[in-house]
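**Q** Input my_file_34.cif, format and content: mmCIF, C-alpha atoms.
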data_protein
loop_
_atom_site.label_atom_id
_atom_site.label_comp_id
_atom_site.auth_asym_id
_atom_site.auth_seq_id
_atom_site.Cartn_x
_atom_site.Cartn_y
_atom_site.Cartn_z
CA MET A 1 94.60 241.97 183.27
CA ALA A 2 91.54 244.18 183.57
CA TYR A 3 89.34 241.10 183.87
CA LEU A 4 91.62 239.44 186.43
CA THR A 5 91.72 242.66 188.43
CA GLU A 6 87.93 242.90 188.43
CA MET A 7 87.58 239.25 189.51
CA HIS A 8 90.14 239.84 192.27
CA ARG A 9 88.17 242.90 193.41
CA LYS A 10 84.96 240.85 193.45
CA HIS A 11 86.35 237.89 195.37
CA PHE A 12 88.74 239.79 197.66
CA PRO A 13 86.97 243.09 198.44
CA SER A 14 88.92 243.62 201.67
CA ILE A 15 92.24 244.00 199.84
CA SER A 16 93.21 247.62 199.17
CA GLU A 17 93.48 248.94 195.63
CA ALA A 18 97.18 249.63 196.23
CA GLN A 19 97.73 245.97 197.10
CA ARG A 20 95.68 244.94 194.09
CA ARG A 21 97.87 247.05 191.80
CA ARG A 22 100.98 245.41 193.26
CA VAL A 23 99.50 241.97 192.46
CA ALA A 24 98.72 243.11 188.90
CA ASN A 25 102.23 244.52 188.45
CA ASP A 26 103.69 241.27 189.76
CA PHE A 27 101.70 239.33 187.16
CA MET A 28 102.89 241.62 184.37
CA ALA A 29 106.48 241.32 185.51
CA ASN A 30 106.27 237.52 185.81
CA PRO A 31 104.51 235.97 182.79
CA SER A 32 104.81 232.47 184.27
CA LYS A 33 102.66 233.56 187.22
CA LEU A 34 100.09 234.98 184.81
CA ASP A 35 100.05 231.70 182.86
CA ALA A 36 99.51 229.78 186.10
CA ALA A 37 96.67 232.12 187.05
CA PHE A 38 94.94 231.49 183.71
CA VAL A 39 95.33 227.73 184.11
CA GLN A 40 93.74 227.94 187.56
CA MET A 41 90.97 230.20 186.27
CA GLU A 42 90.23 227.73 183.46
CA LYS A 43 89.85 224.92 186.02
CA GLU A 44 87.52 227.05 188.12
CA MET A 45 85.43 228.00 185.07
CA TYR A 46 85.16 224.33 184.07
CA ALA A 47 84.10 223.39 187.58
CA ALA A 48 81.48 226.16 187.59
CA LEU A 49 80.09 225.03 184.22
CA SER A 50 79.97 221.43 185.48
CA ARG A 51 78.00 222.45 188.56
CA GLN A 52 75.56 224.58 186.60
CA TYR A 53 74.88 222.79 183.32
CA ARG A 54 73.72 219.34 182.20
CA ILE A 55 74.02 218.12 178.61
CA TYR A 56 71.95 215.54 176.75
CA CYS A 57 73.38 214.61 173.36
CA LEU A 58 71.32 213.55 170.35
CA THR A 59 71.99 212.72 166.71
CA GLU A 60 70.12 213.31 163.46
CA ASP A 61 71.20 209.91 162.11
CA PRO A 62 69.92 206.82 163.97
CA ALA A 63 71.44 204.53 161.29
CA SER A 64 75.06 205.66 161.73
CA PRO A 65 77.23 202.56 162.24
CA LEU A 66 79.88 204.62 164.04
CA MET A 67 77.36 205.99 166.52
CA TRP A 68 76.08 202.48 167.26
CA GLY A 69 79.65 201.24 167.64
CA HIS A 70 80.70 204.07 169.97
CA TYR A 71 77.61 204.68 172.10
CA ALA A 72 75.42 201.56 171.99
CA ALA A 73 77.69 198.78 173.26
CA SER A 74 78.92 197.88 169.78
CA HIS A 75 75.46 197.51 168.22
CA THR A 76 74.00 195.50 171.14
CA GLY A 77 72.29 198.43 172.90
CA ILE A 78 69.39 200.66 171.96
CA CYS A 79 68.70 204.04 170.36
CA LEU A 80 65.83 206.24 171.56
CA GLU A 81 63.89 208.23 168.97
CA PHE A 82 62.26 211.39 170.33
CA ASP A 83 59.74 213.77 168.80
CA ALA A 84 61.86 216.78 167.84
CA HIS A 85 58.77 219.02 167.92
CA CYS A 86 58.00 218.08 171.52
CA ASN A 87 59.46 219.94 174.50
CA PRO A 88 62.16 219.88 175.67
CA PHE A 89 63.63 218.59 172.38
CA ALA A 90 62.37 221.61 170.44
CA ALA A 91 64.95 223.61 172.43
CA ALA A 92 67.90 221.45 171.32
CA GLU A 93 70.86 223.34 169.84
CA LYS A 94 72.83 222.15 166.83
CA VAL A 95 76.49 221.52 167.58
CA GLU A 96 78.92 223.66 165.59
CA TYR A 97 81.94 221.75 164.30
CA ARG A 98 85.10 223.83 163.98
CA THR A 99 88.79 223.63 163.25
CA THR A 100 89.57 226.31 165.86
CA TYR A 101 88.30 227.10 169.34
CA PRO A 102 85.46 229.66 169.46
CA ALA A 103 86.47 233.18 170.45
CA ARG A 104 85.37 233.99 173.98
CA ASP A 105 85.00 237.23 175.86
CA LEU A 106 85.85 236.16 179.41
CA PRO A 107 83.54 238.56 181.27
CA THR A 108 80.46 237.52 179.26
CA ILE A 109 81.16 233.84 178.62
CA GLY A 110 77.99 231.79 178.22
CA TYR A 111 77.58 228.14 177.36
CA GLU A 112 78.96 228.43 173.80
CA PRO A 113 81.80 226.01 174.68
CA LEU A 114 79.12 223.39 175.37
CA VAL A 115 77.83 223.45 171.78
CA THR A 116 81.10 223.45 169.83
CA LYS A 117 83.31 220.48 168.95
CA SER A 118 86.22 219.59 166.71
CA ILE A 119 85.30 219.11 163.05
CA ASP A 120 86.64 215.55 163.39
CA TRP A 121 83.37 214.67 165.18
CA SER A 122 81.08 216.10 162.49
CA TYR A 123 79.89 212.63 161.46
CA GLU A 124 77.87 212.59 164.70
CA ALA A 125 75.45 215.25 163.34
CA GLU A 126 74.88 216.17 166.97
CA TRP A 127 72.31 218.31 168.72
CA ARG A 128 72.43 219.07 172.43
CA LEU A 129 69.90 219.85 175.09
CA ILE A 130 71.47 222.24 177.58
CA ALA A 131 69.83 222.28 181.00
CA GLU A 132 70.68 223.93 184.28
CA GLU A 133 70.79 221.97 187.51
CA CYS A 134 68.17 223.52 189.82
CA ALA A 135 70.60 224.09 192.66
CA ALA A 136 72.93 226.21 190.47
CA ALA A 137 70.49 227.67 187.91
CA ARG A 138 70.81 231.33 186.98
CA SER A 139 68.12 231.74 184.34
CA PRO A 140 64.35 231.21 184.76
CA LEU A 141 64.08 230.39 181.04
CA THR A 142 66.28 227.30 180.75
CA ILE A 143 65.41 223.61 181.02
CA LYS A 144 65.92 222.48 184.62
CA THR A 145 67.22 219.18 185.94
CA ASN A 146 66.74 218.03 189.51
CA ASN A 147 69.62 215.93 190.88
CA ASP A 148 70.65 215.23 187.27
CA PHE A 149 67.20 213.98 186.21
CA LEU A 150 64.66 215.47 183.78
CA THR A 151 61.10 214.17 183.52
CA LEU A 152 59.92 213.99 179.91
CA PRO A 153 56.32 214.66 178.87
CA SER A 154 54.10 211.85 177.67
CA GLY A 155 54.52 211.27 173.94
CA ALA A 156 58.10 212.56 173.76
CA LEU A 157 59.47 209.06 173.10
CA LYS A 158 58.44 207.78 169.66
CA SER A 159 60.40 204.57 169.27
CA VAL A 160 63.07 202.31 170.71
CA ILE A 161 65.53 200.93 168.15
CA ILE A 162 67.28 197.68 169.04
CA GLY A 163 70.88 197.21 167.93
CA ALA A 164 71.68 194.93 165.00
CA LEU A 165 73.83 192.62 167.17
CA ALA A 166 71.53 192.42 170.19
CA ASP A 167 70.79 188.83 171.17
CA GLU A 168 67.29 187.35 171.26
CA THR A 169 67.06 187.54 175.06
CA SER A 170 67.82 191.26 174.99
CA ARG A 171 65.32 191.85 172.21
CA ARG A 172 62.53 190.15 174.10
CA ARG A 173 63.35 191.99 177.31
CA ILE A 174 63.29 195.37 175.55
CA GLU A 175 60.03 194.56 173.75
CA ASN A 176 58.42 193.44 177.02
CA LEU A 177 59.58 196.56 178.87
CA VAL A 178 58.18 198.85 176.17
CA ARG A 179 54.92 196.91 175.95
CA ALA A 180 54.45 197.02 179.73
CA ASN A 181 55.30 200.71 180.20
CA GLU A 182 54.66 202.59 176.94
CA PRO A 183 52.58 200.40 174.60
CA ASP A 184 52.20 203.25 172.08
CA VAL A 185 55.97 203.45 171.57
CA LEU A 186 57.15 201.61 168.46
CA VAL A 187 59.94 199.04 168.73
CA ARG A 188 62.24 199.05 165.70
CA GLN A 189 65.10 196.77 164.75
CA ALA A 190 68.44 197.87 163.25
CA ARG A 191 69.81 195.37 160.74
CA ILE A 192 73.11 195.16 158.86
CA ALA A 193 72.40 196.20 155.27
CA PRO A 194 73.06 193.30 152.87
CA GLU A 195 74.01 195.43 149.87
CA ARG A 196 76.21 198.17 151.37
CA TYR A 197 78.24 199.21 154.39
CA GLY A 198 75.51 200.52 156.63
CA LEU A 199 72.37 199.78 158.60
CA ASN A 200 68.71 199.47 157.76
CA ILE A 201 66.05 200.15 160.41
CA ASP A 202 62.85 198.15 160.31
CA PRO A 203 60.19 199.39 159.96
CA PRO A 204 61.69 202.40 158.13
CA PHE A 205 61.11 205.96 159.29
#
Let me see the file written as structure tokens.
**A**
Amino acid sequence: MAYLTEMHRKHFPSISEAQRRRVANDFMANPSKLDAAFVQMEKEMYAALSRQYRIYCLTEDPASPLMWGHYAASHTGICLEFDAHCNPFAAAEKVEYRTTYPARDLPTIGYEPLVTKSIDWSYEAEWRLIAEECAAARSPLTIKTNNDFLTLPSGALKSVIIGALADETSRRRIENLVRANEPDVLVRQARIAPERYGLNIDPPF
């Protein structure tokens, strides 16, 4: 209630303190109204986070069959390998997998909710780059996107891995695009492992 009162004071400064107390007392006397207020506040917080932050998701494991199946058009797409020591990837944060939601102090909430997920997703071995959209940025220290785009420095991309089920036309197109634009970037090929359930990547890392 103290937090809601302070937010009400911030957003509705013209309302008298006596009126504000009546609103607070009404909330306390009607729990359903308080529940509705929290639901609305949650929506507004989500909208604010969406306006401010941008997320780029990465994995430690480029040979994960599930990741290829879920995020690379069922093994027909590509995987991009970046230099983890190169900016901005050096600033990536490891996702924390949990069985419960992280505790949050409403007045000081940061972007912790953006780097936590259910433990059911732990196979993704995920890291995230958290950037702020320029128009809504609050910190001078964060990565900045401009209209949802981030320009990467030369050398950040190390290789392009082609999915195990990509057809020959797609392979040639990808190889030609890499050769024409970034000839120093290695093109690798994912292949279904013959001796186990899994993938091999050629040439190996």
**Q** I'd like to see the residues matched by the PyMOL selection byres ((chain A and resi 80-88) around 10) on this file, and ideally I'd get them as a PyMOL selection string.
**A** chain A and resi 58-60+62+78-79+89-92+129-131+142-143+150-162+185-188
**Q** Output C-alpha atoms for every residue in the selection just made, as a compact mmCIF listing (two decimals), in the frame of the given file.
**A**
# COMPACT_ATOMS: atom_id res chain seq x y z
CA LEU A 58 71.32 213.55 170.35
CA THR A 59 71.99 212.72 166.71
CA GLU A 60 70.12 213.31 163.46
CA PRO A 62 69.92 206.82 163.97
CA ILE A 78 69.39 200.66 171.96
CA CYS A 79 68.70 204.04 170.36
CA PHE A 89 63.63 218.59 172.38
CA ALA A 90 62.37 221.61 170.44
CA ALA A 91 64.95 223.61 172.43
CA ALA A 92 67.90 221.45 171.32
CA LEU A 129 69.90 219.85 175.09
CA ILE A 130 71.47 222.24 177.58
CA ALA A 131 69.83 222.28 181.00
CA THR A 142 66.28 227.30 180.75
CA ILE A 143 65.41 223.61 181.02
CA LEU A 150 64.66 215.47 183.78
CA THR A 151 61.10 214.17 183.52
CA LEU A 152 59.92 213.99 179.91
CA PRO A 153 56.32 214.66 178.87
CA SER A 154 54.10 211.85 177.67
CA GLY A 155 54.52 211.27 173.94
CA ALA A 156 58.10 212.56 173.76
CA LEU A 157 59.47 209.06 173.10
CA LYS A 158 58.44 207.78 169.66
CA SER A 159 60.40 204.57 169.27
CA VAL A 160 63.07 202.31 170.71
CA ILE A 161 65.53 200.93 168.15
CA ILE A 162 67.28 197.68 169.04
CA VAL A 185 55.97 203.45 171.57
CA LEU A 186 57.15 201.61 168.46
CA VAL A 187 59.94 199.04 168.73
CA ARG A 188 62.24 199.05 165.70
**Q** Using the chain letters and numbers from the file, which residues does the PyMOL selection byres ((chain A and resi 20) around 12) grab, as a ChimeraX atom specification?
**A** /A:1-2,4-19,21-27
**Q** Check the smallest atom-to-atom distance from each of A:Leu114, A:Cys134, A:Ala190, A:Met28 to Pro204 (chain A) using only C-alpha atoms, then report the winner.
**A**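 Answer, going by the shortest atom-to-atom distance: A:Ala190.
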**Q** What does the distance from CA of Arg196 (chain A) to CA of Ser118 (chain A) come to in Å, to one decimal?
**A** 28.2 Å
**Q** When you draw a straight line from CA of Gly163 (chain A) to CA of Glu93 (chain A), how long is it in Å?
**A** 26.2 Å
**Q** As an exercise, work out the distance from CA of Thr145 (chain A) to CA of Arg54 (chain A) in Å and give it to one decimal place.
**A** 7.5 Å
**Q** Contacts of region 64-72 of chain A at 7 Å or less, counting only C-alpha atoms, minus same-chain residues fewer than 5 places along, as a PyMOL selection string?
**A** chain A and resi 77-78+124+198-199
**Q** Return as a list in words the set of residues that the PyMOL selection byres ((chain A and resi 117) around 8) yields on the displayed structure.
**A**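 With the shown file as input, the PyMOL selection byres ((chain A and resi 117) around 8) matches Val95, Glu96, Tyr97, Arg98, Val115, Thr116, Ser118, Ile119 and Trp121 of chain A.
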**Q** Find the residue from A:Ser50, A:Thr76, A:Ala166, A:Asp184 that sits nearest to Ala137 (chain A); use only C-alpha atoms when measuring.
**A**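 So, comparing all the options, the nearest one is A:Ser50.
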**Q** My list of candidates is A:Leu141, A:Glu175, A:Pro113, A:Tyr46. Which is closest to Thr100 (chain A) when distances are computed with all atoms listed in the file?
**A** A:Pro113
**Q** Choose the residue, out of A:Thr169, A:Arg128, A:Leu177, A:Thr99, that has the smallest atom-to-atom separation from Tyr56 (chain A); count all atoms listed in the file.
**A** A:Arg128
